[in-house]
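*Asks:* Supplied structure: target-v2.cif, mmCIF, C-alpha atoms (C1' of nucleotides).
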```
data_target
loop_
_atom_site.label_atom_id
_atom_site.label_comp_id
_atom_site.auth_asym_id
_atom_site.auth_seq_id
_atom_site.Cartn_x
_atom_site.Cartn_y
_atom_site.Cartn_z
CA MET A 1 -26.16 -7.85 -37.07
CA LEU A 2 -29.53 -8.48 -35.56
CA HIS A 3 -29.86 -12.19 -36.15
CA VAL A 4 -32.67 -12.93 -33.74
CA VAL A 5 -32.40 -16.23 -31.97
CA GLU A 6 -35.99 -16.87 -30.89
CA LYS A 7 -37.11 -20.38 -31.73
CA PHE A 8 -40.44 -19.77 -33.41
CA GLU A 9 -41.58 -16.22 -32.78
CA ARG A 10 -43.19 -17.02 -29.48
CA THR A 11 -45.65 -14.38 -28.45
CA ARG A 12 -44.77 -14.58 -24.76
CA LEU A 13 -41.55 -15.40 -22.97
CA SER A 14 -40.79 -17.32 -19.79
CA ALA A 15 -37.90 -16.99 -17.35
CA ALA A 16 -36.33 -20.06 -18.97
CA ASP A 17 -36.19 -18.25 -22.32
CA TRP A 18 -34.16 -15.47 -20.74
CA GLU A 19 -31.82 -18.00 -19.16
CA VAL A 20 -31.03 -19.81 -22.39
CA GLY A 21 -30.70 -16.44 -24.10
CA ALA A 22 -28.16 -15.43 -21.49
CA LEU A 23 -26.26 -18.67 -22.03
CA ASP A 24 -26.23 -18.02 -25.77
CA LEU A 25 -24.70 -14.63 -25.14
CA ILE A 26 -22.17 -16.08 -22.73
CA ALA A 27 -21.16 -18.72 -25.26
CA SER A 28 -20.79 -16.27 -28.11
CA GLN A 29 -19.50 -13.11 -26.45
CA GLY A 30 -18.76 -13.87 -22.82
CA VAL A 31 -20.35 -12.99 -19.51
CA GLY A 32 -19.75 -9.29 -20.00
CA ALA A 33 -22.10 -9.30 -22.97
CA VAL A 34 -25.05 -10.27 -20.82
CA ALA A 35 -26.74 -6.88 -20.70
CA VAL A 36 -30.46 -6.77 -20.15
CA GLU A 37 -31.30 -4.31 -22.90
CA ALA A 38 -29.15 -6.10 -25.46
CA LEU A 39 -30.62 -9.45 -24.48
CA ALA A 40 -34.13 -8.04 -24.62
CA ARG A 41 -33.47 -6.69 -28.11
CA GLN A 42 -32.20 -10.13 -29.13
CA LEU A 43 -35.38 -11.73 -27.81
CA GLY A 44 -37.56 -9.20 -29.55
CA VAL A 45 -38.84 -7.45 -26.42
CA THR A 46 -37.73 -4.62 -24.13
CA LYS A 47 -36.33 -4.45 -20.63
CA GLY A 48 -39.81 -3.90 -19.26
CA SER A 49 -40.33 -7.59 -19.82
CA PHE A 50 -37.08 -8.61 -18.19
CA TYR A 51 -37.74 -6.98 -14.87
CA TRP A 52 -41.00 -8.82 -14.58
CA HIS A 53 -39.18 -12.18 -14.72
CA PHE A 54 -36.08 -11.24 -12.74
CA PRO A 55 -35.49 -8.70 -9.98
CA THR A 56 -31.99 -7.95 -11.20
CA ARG A 57 -29.33 -8.80 -13.74
CA GLU A 58 -27.44 -10.83 -11.15
CA ALA A 59 -30.54 -12.98 -10.61
CA LEU A 60 -30.61 -13.86 -14.30
CA LEU A 61 -26.93 -14.71 -14.24
CA LYS A 62 -27.42 -16.88 -11.19
CA ALA A 63 -30.32 -18.75 -12.78
CA ALA A 64 -28.46 -19.20 -16.06
CA LEU A 65 -25.39 -20.54 -14.28
CA GLU A 66 -27.48 -22.99 -12.26
CA ARG A 67 -29.13 -24.19 -15.43
CA TRP A 68 -25.77 -24.68 -17.11
CA GLU A 69 -24.23 -26.46 -14.12
CA ARG A 70 -27.22 -28.82 -14.00
CA GLN A 71 -27.08 -29.78 -17.67
CA ASP A 72 -23.28 -29.77 -17.85
CA THR A 73 -22.82 -32.49 -15.25
CA ASP A 74 -24.54 -35.24 -17.21
CA HIS A 75 -23.72 -33.80 -20.62
CA VAL A 76 -19.98 -34.24 -20.20
CA PHE A 77 -19.80 -37.27 -17.94
CA GLY A 78 -23.00 -39.05 -18.93
CA GLN A 79 -21.60 -39.92 -22.33
CA VAL A 80 -18.39 -41.54 -21.12
CA GLU A 81 -19.34 -42.76 -17.67
CA PRO A 82 -20.64 -46.16 -18.87
CA ILE A 83 -17.35 -47.04 -20.57
CA ALA A 84 -15.92 -49.84 -18.44
CA ASP A 85 -12.21 -49.68 -19.29
CA PRO A 86 -10.73 -46.60 -17.57
CA ARG A 87 -8.10 -46.07 -20.26
CA GLU A 88 -10.75 -46.16 -22.94
CA ARG A 89 -12.95 -43.85 -20.85
CA LEU A 90 -10.23 -41.24 -20.47
CA GLY A 91 -9.32 -41.44 -24.14
CA GLU A 92 -12.88 -40.89 -25.23
CA LEU A 93 -13.19 -37.98 -22.81
CA PHE A 94 -10.11 -36.33 -24.29
CA ARG A 95 -11.34 -36.86 -27.82
CA ARG A 96 -14.66 -35.20 -27.02
CA SER A 97 -13.03 -32.14 -25.45
CA GLY A 98 -12.30 -30.37 -28.69
CA ARG A 99 -15.40 -31.19 -30.63
CA GLU A 100 -16.86 -27.71 -30.13
CA ALA A 101 -19.36 -29.02 -27.63
CA ARG A 102 -21.52 -26.21 -26.32
CA SER A 103 -20.73 -27.07 -22.74
CA HIS A 104 -17.01 -26.62 -23.36
CA VAL A 105 -17.55 -23.31 -25.09
CA ILE A 106 -19.54 -22.02 -22.14
CA TYR A 107 -17.02 -23.43 -19.69
CA SER A 108 -14.30 -21.57 -21.54
CA ALA A 109 -16.29 -18.34 -21.51
CA LEU A 110 -16.93 -18.70 -17.78
CA LEU A 111 -13.22 -19.27 -17.28
CA GLN A 112 -12.80 -15.72 -18.53
CA ALA A 113 -15.12 -14.39 -15.84
CA LEU A 114 -13.64 -16.01 -12.77
CA ASP A 115 -13.40 -12.66 -11.06
CA HIS A 116 -17.19 -12.49 -10.94
CA PRO A 117 -18.47 -13.58 -7.51
CA LEU A 118 -21.36 -15.57 -8.98
CA VAL A 119 -19.22 -17.41 -11.51
CA GLN A 120 -16.35 -18.45 -9.25
CA PRO A 121 -18.16 -20.92 -6.95
CA VAL A 122 -19.93 -22.58 -9.88
CA MET A 123 -16.67 -23.07 -11.71
CA GLU A 124 -14.97 -24.31 -8.59
CA ARG A 125 -17.62 -27.00 -8.12
CA VAL A 126 -17.69 -28.05 -11.76
CA SER A 127 -13.91 -28.12 -12.07
CA GLN A 128 -13.47 -30.07 -8.84
CA ARG A 129 -16.09 -32.59 -9.95
CA ARG A 130 -14.35 -33.10 -13.28
CA MET A 131 -10.92 -33.44 -11.73
CA ASP A 132 -12.26 -35.99 -9.27
CA PHE A 133 -13.64 -37.91 -12.22
CA LEU A 134 -10.20 -37.93 -13.81
CA ALA A 135 -8.49 -38.91 -10.57
CA ARG A 136 -10.85 -41.86 -10.09
CA ALA A 137 -10.14 -43.11 -13.59
CA TYR A 138 -6.40 -42.85 -13.06
CA ARG A 139 -6.70 -44.79 -9.82
CA GLN A 140 -8.69 -47.49 -11.63
CA ILE A 141 -5.87 -47.79 -14.10
CA GLY A 142 -3.65 -48.65 -11.19
CA MET A 143 -1.82 -45.44 -10.40
CA GLU A 144 -0.84 -44.72 -6.85
CA ARG A 145 -3.14 -42.27 -5.07
CA ARG A 146 -0.76 -39.32 -5.03
CA GLN A 147 0.32 -39.95 -8.61
CA ALA A 148 -3.29 -40.19 -9.76
CA LEU A 149 -4.11 -36.81 -8.22
CA HIS A 150 -1.11 -35.17 -9.82
CA ARG A 151 -1.87 -36.70 -13.20
CA ALA A 152 -5.51 -35.63 -12.95
CA ARG A 153 -4.43 -32.10 -12.15
CA LEU A 154 -2.02 -32.10 -15.07
CA ALA A 155 -4.57 -33.50 -17.50
CA TYR A 156 -7.20 -31.02 -16.42
CA ALA A 157 -4.77 -28.13 -16.62
CA ALA A 158 -3.98 -29.22 -20.17
CA TYR A 159 -7.70 -29.22 -20.94
CA VAL A 160 -8.23 -25.75 -19.50
CA GLY A 161 -5.17 -24.40 -21.28
CA PHE A 162 -6.24 -25.96 -24.54
CA LEU A 163 -9.64 -24.26 -24.35
CA GLN A 164 -7.97 -20.95 -23.54
CA LEU A 165 -5.45 -21.20 -26.37
CA THR A 166 -7.90 -22.29 -29.06
CA LEU A 167 -11.23 -20.69 -28.16
CA GLN A 168 -10.02 -17.46 -26.57
CA LEU A 169 -6.61 -16.78 -28.06
CA GLY A 170 -7.60 -18.35 -31.37
CA MET A 171 -3.97 -19.06 -31.84
CA PRO A 172 -3.07 -22.42 -33.35
CA ARG A 173 -5.75 -22.67 -36.03
CA LEU A 174 -5.09 -26.38 -36.49
CA ASP A 175 -7.24 -28.20 -38.97
CA HIS A 176 -9.23 -31.34 -38.34
CA ALA A 177 -6.46 -33.84 -39.12
CA GLU A 178 -3.84 -31.97 -37.15
CA PHE A 179 -6.18 -31.70 -34.20
CA ASP A 180 -6.77 -35.45 -34.21
CA ALA A 181 -3.03 -36.04 -34.25
CA TYR A 182 -2.62 -33.69 -31.30
CA VAL A 183 -5.29 -35.44 -29.27
CA GLU A 184 -3.70 -38.81 -29.94
CA HIS A 185 -0.37 -37.39 -28.78
CA VAL A 186 -2.01 -36.16 -25.59
CA ILE A 187 -3.60 -39.55 -25.01
CA ALA A 188 -0.30 -41.32 -25.55
CA THR A 189 1.44 -38.93 -23.19
CA LEU A 190 -1.07 -38.61 -20.37
CA ILE A 191 -2.59 -42.10 -20.27
CA PRO A 192 -0.08 -44.71 -19.11
CA ALA A 193 0.04 -47.97 -20.98
CA MET B 1 -7.82 0.53 1.59
CA LEU B 2 -5.69 3.29 0.16
CA HIS B 3 -2.27 1.71 0.31
CA VAL B 4 -0.46 4.05 -1.98
CA VAL B 5 2.17 2.44 -4.17
CA GLU B 6 4.36 5.35 -5.10
CA LYS B 7 8.03 4.65 -4.62
CA PHE B 8 9.18 7.62 -2.65
CA GLU B 9 6.59 10.37 -2.75
CA ARG B 10 7.77 11.79 -6.02
CA THR B 11 6.50 15.27 -6.57
CA ARG B 12 5.98 14.81 -10.30
CA LEU B 13 5.06 11.82 -12.36
CA SER B 14 6.17 10.60 -15.76
CA ALA B 15 4.35 8.48 -18.33
CA ALA B 16 6.40 5.50 -17.16
CA ASP B 17 4.99 5.85 -13.65
CA TRP B 18 1.47 5.52 -15.03
CA GLU B 19 2.47 2.47 -17.03
CA VAL B 20 3.91 0.57 -14.08
CA GLY B 21 0.92 1.66 -12.03
CA ALA B 22 -1.35 0.19 -14.68
CA LEU B 23 0.63 -3.05 -14.64
CA ASP B 24 0.30 -3.17 -10.85
CA LEU B 25 -3.46 -2.89 -11.21
CA ILE B 26 -3.53 -5.53 -13.92
CA ALA B 27 -1.51 -7.90 -11.77
CA SER B 28 -3.66 -7.42 -8.70
CA GLN B 29 -7.16 -6.91 -10.09
CA GLY B 30 -7.08 -7.52 -13.81
CA VAL B 31 -7.31 -5.35 -16.90
CA GLY B 32 -10.81 -4.22 -16.06
CA ALA B 33 -9.51 -2.48 -12.95
CA VAL B 34 -7.38 -0.11 -14.98
CA ALA B 35 -9.57 2.97 -14.63
CA VAL B 36 -7.94 6.35 -14.89
CA GLU B 37 -9.54 7.92 -11.84
CA ALA B 38 -8.81 4.91 -9.65
CA LEU B 39 -5.25 4.78 -10.89
CA ALA B 40 -4.82 8.50 -10.35
CA ARG B 41 -6.07 8.14 -6.77
CA GLN B 42 -3.59 5.34 -6.24
CA LEU B 43 -0.77 7.52 -7.52
CA GLY B 44 -1.83 10.43 -5.37
CA VAL B 45 -2.97 12.72 -8.18
CA THR B 46 -6.13 13.32 -10.20
CA LYS B 47 -7.18 12.53 -13.74
CA GLY B 48 -6.13 15.98 -14.84
CA SER B 49 -2.58 14.68 -14.65
CA PHE B 50 -3.34 11.53 -16.59
CA TYR B 51 -4.68 13.23 -19.67
CA TRP B 52 -1.56 15.29 -19.94
CA HIS B 53 0.56 12.13 -20.32
CA PHE B 54 -1.87 10.06 -22.38
CA PRO B 55 -4.57 11.02 -24.85
CA THR B 56 -6.79 8.16 -23.81
CA ARG B 57 -7.16 5.13 -21.56
CA GLU B 58 -6.43 2.82 -24.47
CA ALA B 59 -3.13 4.61 -25.05
CA LEU B 60 -2.07 3.86 -21.48
CA LEU B 61 -3.07 0.22 -21.88
CA LYS B 62 -1.12 0.00 -25.11
CA ALA B 63 1.99 1.52 -23.55
CA ALA B 64 1.73 -0.70 -20.46
CA LEU B 65 1.35 -3.81 -22.59
CA GLU B 66 4.34 -2.89 -24.72
CA ARG B 67 6.40 -2.33 -21.58
CA TRP B 68 5.35 -5.71 -20.20
CA GLU B 69 5.99 -7.55 -23.46
CA ARG B 70 9.44 -6.00 -23.65
CA GLN B 71 10.50 -6.95 -20.14
CA ASP B 72 8.73 -10.32 -20.22
CA THR B 73 10.73 -11.69 -23.11
CA ASP B 74 14.09 -11.63 -21.35
CA HIS B 75 12.68 -12.06 -17.87
CA VAL B 76 11.27 -15.52 -18.56
CA PHE B 77 13.71 -16.85 -21.14
CA GLY B 78 16.82 -14.96 -20.15
CA GLN B 79 17.18 -16.93 -16.94
CA VAL B 80 17.01 -20.38 -18.53
CA GLU B 81 18.31 -19.75 -22.03
CA PRO B 82 21.99 -20.28 -21.12
CA ILE B 83 21.34 -23.78 -19.73
CA ALA B 84 22.97 -26.08 -22.24
CA ASP B 85 21.18 -29.37 -21.62
CA PRO B 86 17.65 -29.08 -23.10
CA ARG B 87 16.14 -31.44 -20.53
CA GLU B 88 17.62 -29.43 -17.71
CA ARG B 89 16.48 -26.22 -19.39
CA LEU B 90 12.88 -27.38 -19.66
CA GLY B 91 12.85 -28.67 -16.10
CA GLU B 92 14.12 -25.38 -14.74
CA LEU B 93 11.53 -23.53 -16.80
CA PHE B 94 8.73 -25.64 -15.35
CA ARG B 95 10.01 -25.15 -11.83
CA ARG B 96 10.04 -21.39 -12.24
CA SER B 97 6.49 -21.25 -13.56
CA GLY B 98 4.78 -21.43 -10.22
CA ARG B 99 7.11 -19.28 -8.18
CA GLU B 100 4.71 -16.32 -8.18
CA ALA B 101 6.88 -14.47 -10.63
CA ARG B 102 5.33 -11.14 -11.50
CA SER B 103 5.48 -11.86 -15.20
CA HIS B 104 3.37 -14.98 -14.78
CA VAL B 105 0.81 -13.18 -12.67
CA ILE B 106 0.42 -10.51 -15.33
CA TYR B 107 0.32 -13.11 -18.07
CA SER B 108 -2.48 -14.85 -16.22
CA ALA B 109 -4.37 -11.61 -15.77
CA LEU B 110 -4.02 -10.80 -19.46
CA LEU B 111 -5.29 -14.27 -20.25
CA GLN B 112 -8.54 -13.13 -18.65
CA ALA B 113 -8.79 -10.19 -21.02
CA LEU B 114 -8.26 -11.92 -24.35
CA ASP B 115 -11.45 -10.39 -25.69
CA HIS B 116 -9.81 -6.96 -25.54
CA PRO B 117 -8.49 -5.94 -28.98
CA LEU B 118 -5.28 -4.49 -27.55
CA VAL B 119 -4.49 -7.50 -25.39
CA GLN B 120 -5.07 -10.27 -27.92
CA PRO B 121 -2.20 -9.55 -30.37
CA VAL B 122 0.28 -9.08 -27.53
CA MET B 123 -0.70 -12.37 -25.97
CA GLU B 124 -0.61 -14.11 -29.32
CA ARG B 125 2.96 -12.97 -29.90
CA VAL B 126 4.18 -13.79 -26.40
CA SER B 127 2.48 -17.19 -26.36
CA GLN B 128 3.78 -18.13 -29.78
CA ARG B 129 7.29 -17.10 -28.80
CA ARG B 130 7.16 -19.21 -25.66
CA MET B 131 5.75 -22.23 -27.45
CA ASP B 132 8.46 -21.97 -30.08
CA PHE B 133 10.98 -21.95 -27.26
CA LEU B 134 9.49 -25.17 -25.91
CA ALA B 135 9.35 -26.78 -29.34
CA ARG B 136 13.02 -26.00 -29.98
CA ALA B 137 14.02 -27.58 -26.68
CA TYR B 138 12.02 -30.70 -27.43
CA ARG B 139 13.66 -30.96 -30.83
CA GLN B 140 17.08 -30.65 -29.22
CA ILE B 141 16.19 -33.54 -26.98
CA GLY B 142 15.72 -35.58 -30.10
CA MET B 143 11.99 -35.65 -30.66
CA GLU B 144 10.66 -35.77 -34.17
CA ARG B 145 9.47 -32.44 -35.52
CA ARG B 146 5.76 -33.18 -35.40
CA GLN B 147 6.02 -34.78 -31.99
CA ALA B 148 7.99 -31.85 -30.62
CA LEU B 149 5.30 -29.41 -31.74
CA HIS B 150 2.55 -31.46 -30.15
CA ARG B 151 4.48 -31.86 -26.93
CA ALA B 152 5.24 -28.15 -26.82
CA ARG B 153 1.57 -27.37 -27.31
CA LEU B 154 0.62 -29.81 -24.57
CA ALA B 155 3.20 -28.48 -22.14
CA TYR B 156 2.18 -24.91 -22.77
CA ALA B 157 -1.50 -25.73 -22.41
CA ALA B 158 -0.69 -27.33 -19.07
CA TYR B 159 1.11 -24.13 -18.06
CA VAL B 160 -1.79 -21.91 -19.08
CA GLY B 161 -4.31 -24.17 -17.38
CA PHE B 162 -2.21 -24.30 -14.24
CA LEU B 163 -2.13 -20.51 -14.02
CA GLN B 164 -5.88 -20.33 -14.56
CA LEU B 165 -6.61 -23.01 -11.97
CA THR B 166 -4.37 -21.63 -9.26
CA LEU B 167 -4.27 -17.87 -9.73
CA GLN B 168 -7.78 -17.25 -11.04
CA LEU B 169 -9.90 -20.10 -9.73
CA GLY B 170 -7.84 -20.33 -6.57
CA MET B 171 -8.87 -23.91 -6.42
CA PRO B 172 -6.21 -26.38 -5.36
CA ARG B 173 -4.59 -24.44 -2.52
CA LEU B 174 -1.60 -26.74 -2.51
CA ASP B 175 1.19 -25.96 -0.10
CA HIS B 176 4.85 -25.60 -0.93
CA ALA B 177 5.78 -29.27 -0.60
CA GLU B 178 2.78 -30.51 -2.53
CA PHE B 179 3.45 -28.01 -5.28
CA ASP B 180 7.02 -29.23 -5.63
CA ALA B 181 5.80 -32.81 -5.89
CA TYR B 182 3.35 -31.77 -8.59
CA VAL B 183 6.02 -30.01 -10.62
CA GLU B 184 8.28 -33.03 -10.43
CA HIS B 185 5.40 -35.17 -11.64
CA VAL B 186 4.87 -32.82 -14.56
CA ILE B 187 8.57 -32.92 -15.40
CA ALA B 188 8.61 -36.70 -15.28
CA THR B 189 5.53 -36.90 -17.47
CA LEU B 190 6.26 -34.23 -20.07
CA ILE B 191 10.03 -34.48 -20.44
CA PRO B 192 11.10 -37.76 -22.04
CA ALA B 193 14.05 -39.57 -20.57
"C1'" DA C 1 -68.39 -11.14 -23.67
"C1'" DC C 2 -65.42 -9.86 -20.37
"C1'" DC C 3 -62.21 -9.85 -16.82
"C1'" DT C 4 -58.00 -10.86 -15.08
"C1'" DC C 5 -53.32 -11.00 -14.80
"C1'" DA C 6 -49.20 -12.42 -16.86
"C1'" DC C 7 -46.33 -10.21 -19.92
"C1'" DC C 8 -44.63 -6.13 -22.19
"C1'" DA C 9 -43.61 -0.95 -23.65
"C1'" DT C 10 -42.29 3.75 -22.60
"C1'" DA C 11 -40.20 7.02 -20.15
"C1'" DC C 12 -37.97 8.25 -16.76
"C1'" DT C 13 -33.69 8.28 -12.75
"C1'" DC C 14 -29.04 7.20 -11.03
"C1'" DT C 15 -24.45 5.73 -11.17
"C1'" DT C 16 -20.01 5.01 -13.30
"C1'" DG C 17 -16.34 6.08 -15.97
"C1'" DC C 18 -14.29 8.40 -20.12
"C1'" DG C 19 -12.95 12.56 -21.89
"C1'" DT C 20 -12.67 18.01 -22.07
"C1'" DA C 21 -11.98 22.81 -20.67
"C1'" DT C 22 -9.65 25.80 -18.14
"C1'" DG C 23 -7.09 27.62 -14.70
"C1'" DG C 24 -3.29 26.94 -11.08
"C1'" DT C 25 1.55 25.88 -9.35
"C1'" DA C 26 6.25 24.37 -9.04
"C1'" DG C 27 10.89 23.82 -10.94
"C1'" DC C 28 14.24 25.25 -14.19
"C1'" DA C 29 16.53 28.63 -17.58
"C1'" DC C 30 18.42 33.00 -17.98
"C1'" DG D 1 13.49 37.26 -9.82
"C1'" DT D 2 10.88 36.39 -13.72
"C1'" DG D 3 8.94 33.73 -17.20
"C1'" DC D 4 8.19 29.42 -19.55
"C1'" DT D 5 6.39 25.01 -19.50
"C1'" DA D 6 5.58 20.68 -17.64
"C1'" DC D 7 2.61 18.84 -14.51
"C1'" DC D 8 -1.65 18.95 -11.90
"C1'" DA D 9 -6.63 20.26 -9.86
"C1'" DT D 10 -11.45 21.34 -10.46
"C1'" DA D 11 -15.51 21.38 -12.73
"C1'" DC D 12 -17.76 20.21 -16.33
"C1'" DG D 13 -20.18 17.27 -20.47
"C1'" DC D 14 -21.51 12.88 -22.27
"C1'" DA D 15 -22.71 7.92 -23.04
"C1'" DA D 16 -23.90 3.37 -21.38
"C1'" DG D 17 -26.21 0.42 -18.62
"C1'" DA D 18 -28.90 -0.89 -14.34
"C1'" DG D 19 -33.06 -0.30 -12.19
"C1'" DT D 20 -38.00 2.08 -11.40
"C1'" DA D 21 -42.74 3.77 -12.29
"C1'" DT D 22 -46.60 3.33 -14.67
"C1'" DG D 23 -49.64 2.25 -18.07
"C1'" DG D 24 -51.03 -0.95 -21.97
"C1'" DT D 25 -52.53 -5.52 -24.20
"C1'" DG D 26 -53.83 -10.05 -25.35
"C1'" DA D 27 -54.87 -14.93 -24.25
"C1'" DG D 28 -57.41 -18.03 -21.21
"C1'" DG D 29 -60.79 -19.04 -17.70
"C1'" DT D 30 -65.76 -18.40 -16.49
#
```
Can the structure from this file be put into structure tokens for me?
*Replies:*
Amino acid sequence: MLHVVEKFERTRLSAADWEVGALDLIASQGVGAVAVEALARQLGVTKGSFYWHFPTREALLKAALERWERQDTDHVFGQVEPIADPRERLGELFRRSGREARSHVIYSALLQALDHPLVQPVMERVSQRRMDFLARAYRQIGMERRQALHRARLAYAAYVGFLQLTLQLGMPRLDHAEFDAYVEHVIATLIPA
Amino acid sequence: MLHVVEKFERTRLSAADWEVGALDLIASQGVGAVAVEALARQLGVTKGSFYWHFPTREALLKAALERWERQDTDHVFGQVEPIADPRERLGELFRRSGREARSHVIYSALLQALDHPLVQPVMERVSQRRMDFLARAYRQIGMERRQALHRARLAYAAYVGFLQLTLQLGMPRLDHAEFDAYVEHVIATLIPA
DNA sequence: ACCTCACCATACTCTTGCGTATGGTAGCAC
DNA sequence: GTGCTACCATACGCAAGAGTATGGTGAGGT
């Protein structure tokens, strides 16, 4: 129940500790679970501490989202960006999308909170950036501009839907081998030879 | 502000009126907006009325979800089921997916509330049913069993992601013509010749 | 050794939204 | 026309969670 997360029983906390704590909560239980008293309990302090670091709950959310957006950009793209062949680059990107990466889990959780005014613009930027990345790769393959945009939109929609169906709906329950087969099918279908 | 929805100024309400009112709220502002006092205000009565028809808020949600699931099944499939050619059937299904159909809007809103214990099982059933429908069509086309399942999963993920991206994120803002072009691209990509 | 201030606890208030208690009214049976 | 009952209003209680006020404490600089 009360599995405390604190790294090493730090005596004092910083604003950054609250931010990563908030991101932990978002990843595990969604944005709605980010309550200051619950988070304080999880960090081993009380809300008195929180309101020294942040003026309001929204401020924490804003800071946490900025932190995530910052680290997400290079975490997802940085790994595959150097791959020269665009087909190979896209394939590797698809393969990495299901590997329970923390960034994907948080992205999926934030997808569930798109009605929140602080979340929406962040997600719009991140999603647009990722789709542009896909569109560029498809253009490099040799697709016509319009086609590349459509294919990027389709591929990204498939990614978003996949996250929703597996992480949120928890529906397919496919094992490791079956998942690999699915990803290869997606690659064969969405990346032209 | 207070654009009342009531059909024709009925003097008395029935449980069904509350259910469709709840579905209206879900479609326009999500599951979280289904609050009994707000809904009562919208129907021109007070909460005193509500608790005569339903023992609790959850009961209303349950009834509304059952109503939606019932009418959704034939609303989405009923229109395309009679189409004999599986390719044609799938294409028509894809084309209908973006046409702002009420059922899709509600499905998208419920997708945002998958953490709710009442919503999850309903969505699991509906989604599974729809994916089975897709898989059957792909099999009829002549795809191998395993391939058909993967393709159905991919197509449905693309559908779910599309809803999320357009209705919730409000991101692409593509006009009518551009949307049609996108759908045709999807059909060409996901339905084998 | 002590002083400071960054960090934290305790004890409130306020708002929101669910649910309850109880009494009122309108339409139908007879 | 009177009474029953289905529907509704008003006025509560109650819990959760955000935010405030105020006082305490311990580690680092001097």
*Asks:* Select, as JSON, numbers by chain, those residues of chain B with any atom no more than 10 Å from chain A (distances computed using only C-alpha atoms).
*Replies:* {"B": [29, 30, 109, 111, 112, 113, 114, 115, 119, 120, 121, 123, 124, 125, 127, 128, 146, 147, 149, 150, 151, 153, 154, 155, 156, 157, 158, 159, 160, 161, 162, 163, 164, 165, 166, 168, 169, 170, 171, 172, 178, 179, 181, 182, 183, 184, 185, 186, 189, 190, 192]}
*Asks:* Apply the PyMOL selection byres ((chain A) within 8 of (chain D)) to the structure shown and report the selected residues as a ChimeraX atom specification.
*Replies:* /A:35,56-57
*Asks:* Counting all atoms listed in the file, collect the residues of chain C whose closest atom lies at most 8 Å from chain A, and write them out as a list in words.
*Replies:*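 On the chain C side, the interface is DC7, DC8 and DA9 of chain C.
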*Asks:* Quick check on the file I pasted: which residues fall under the PyMOL selection byres ((chain A and resi 133) around 12)? Write them as a ChimeraX atom specification.
*Replies:* /A:73,76-78,80-81,86,89-90,93,126-132,134-140,148-149,151-153,155-156
*Asks:* Output the residue selection produced by the PyMOL selection byres ((chain A and resi 23) around 9) on the file above, formatted as an MDAnalysis selection string.
*Replies:* chainID A and resid 18:22 24:28 30:31 34 61 64:65 68 106
*Asks:* Tell me which of B:Gly44, B:Pro55, B:Gly32, B:Gly142 sits closest to DT20 of chain C, counting only C-alpha atoms (C1' of nucleotides).
*Replies:*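 Of B:Gly44, B:Pro55, B:Gly32, B:Gly142, the one nearest DT20 of chain C, counting only C-alpha atoms (C1' of nucleotides), is B:Pro55.
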*Asks:* Mind filling out segment 166-176 of chain A with N, CA and C atoms and sending it as a PDB file, in the coordinates of the input?
*Replies:*
```pdb
ATOM      1  N   THR A 166      -7.173 -22.157 -27.789  1.00  0.00           N
ATOM      2  CA  THR A 166      -7.900 -22.290 -29.060  1.00  0.00           C
ATOM      3  C   THR A 166      -9.111 -21.373 -29.114  1.00  0.00           C
ATOM      4  N   LEU A 167      -9.982 -21.447 -28.098  1.00  0.00           N
ATOM      5  CA  LEU A 167     -11.230 -20.690 -28.160  1.00  0.00           C
ATOM      6  C   LEU A 167     -11.037 -19.215 -27.885  1.00  0.00           C
ATOM      7  N   GLN A 168     -10.164 -18.871 -26.937  1.00  0.00           N
ATOM      8  CA  GLN A 168     -10.020 -17.460 -26.570  1.00  0.00           C
ATOM      9  C   GLN A 168      -8.884 -16.788 -27.343  1.00  0.00           C
ATOM     10  N   LEU A 169      -7.732 -17.397 -27.342  1.00  0.00           N
ATOM     11  CA  LEU A 169      -6.610 -16.780 -28.060  1.00  0.00           C
ATOM     12  C   LEU A 169      -6.743 -16.991 -29.565  1.00  0.00           C
ATOM     13  N   GLY A 170      -7.400 -18.093 -29.940  1.00  0.00           N
ATOM     14  CA  GLY A 170      -7.600 -18.350 -31.370  1.00  0.00           C
ATOM     15  C   GLY A 170      -6.278 -18.487 -32.078  1.00  0.00           C
ATOM     16  N   MET A 171      -5.348 -19.101 -31.404  1.00  0.00           N
ATOM     17  CA  MET A 171      -3.970 -19.060 -31.840  1.00  0.00           C
ATOM     18  C   MET A 171      -3.557 -20.140 -32.835  1.00  0.00           C
ATOM     19  N   PRO A 172      -3.688 -21.387 -32.508  1.00  0.00           N
ATOM     20  CA  PRO A 172      -3.070 -22.420 -33.350  1.00  0.00           C
ATOM     21  C   PRO A 172      -3.756 -22.593 -34.699  1.00  0.00           C
ATOM     22  N   ARG A 173      -5.065 -22.495 -34.742  1.00  0.00           N
ATOM     23  CA  ARG A 173      -5.750 -22.670 -36.030  1.00  0.00           C
ATOM     24  C   ARG A 173      -5.395 -24.010 -36.670  1.00  0.00           C
ATOM     25  N   LEU A 174      -5.425 -25.077 -35.896  1.00  0.00           N
ATOM     26  CA  LEU A 174      -5.090 -26.380 -36.490  1.00  0.00           C
ATOM     27  C   LEU A 174      -6.330 -26.996 -37.124  1.00  0.00           C
ATOM     28  N   ASP A 175      -6.122 -27.611 -38.249  1.00  0.00           N
ATOM     29  CA  ASP A 175      -7.240 -28.200 -38.970  1.00  0.00           C
ATOM     30  C   ASP A 175      -7.657 -29.533 -38.320  1.00  0.00           C
ATOM     31  N   HIS A 176      -8.638 -30.147 -38.928  1.00  0.00           N
ATOM     32  CA  HIS A 176      -9.230 -31.340 -38.340  1.00  0.00           C
ATOM     33  C   HIS A 176      -8.202 -32.453 -38.142  1.00  0.00           C
TER      34      HIS A 176
END
```
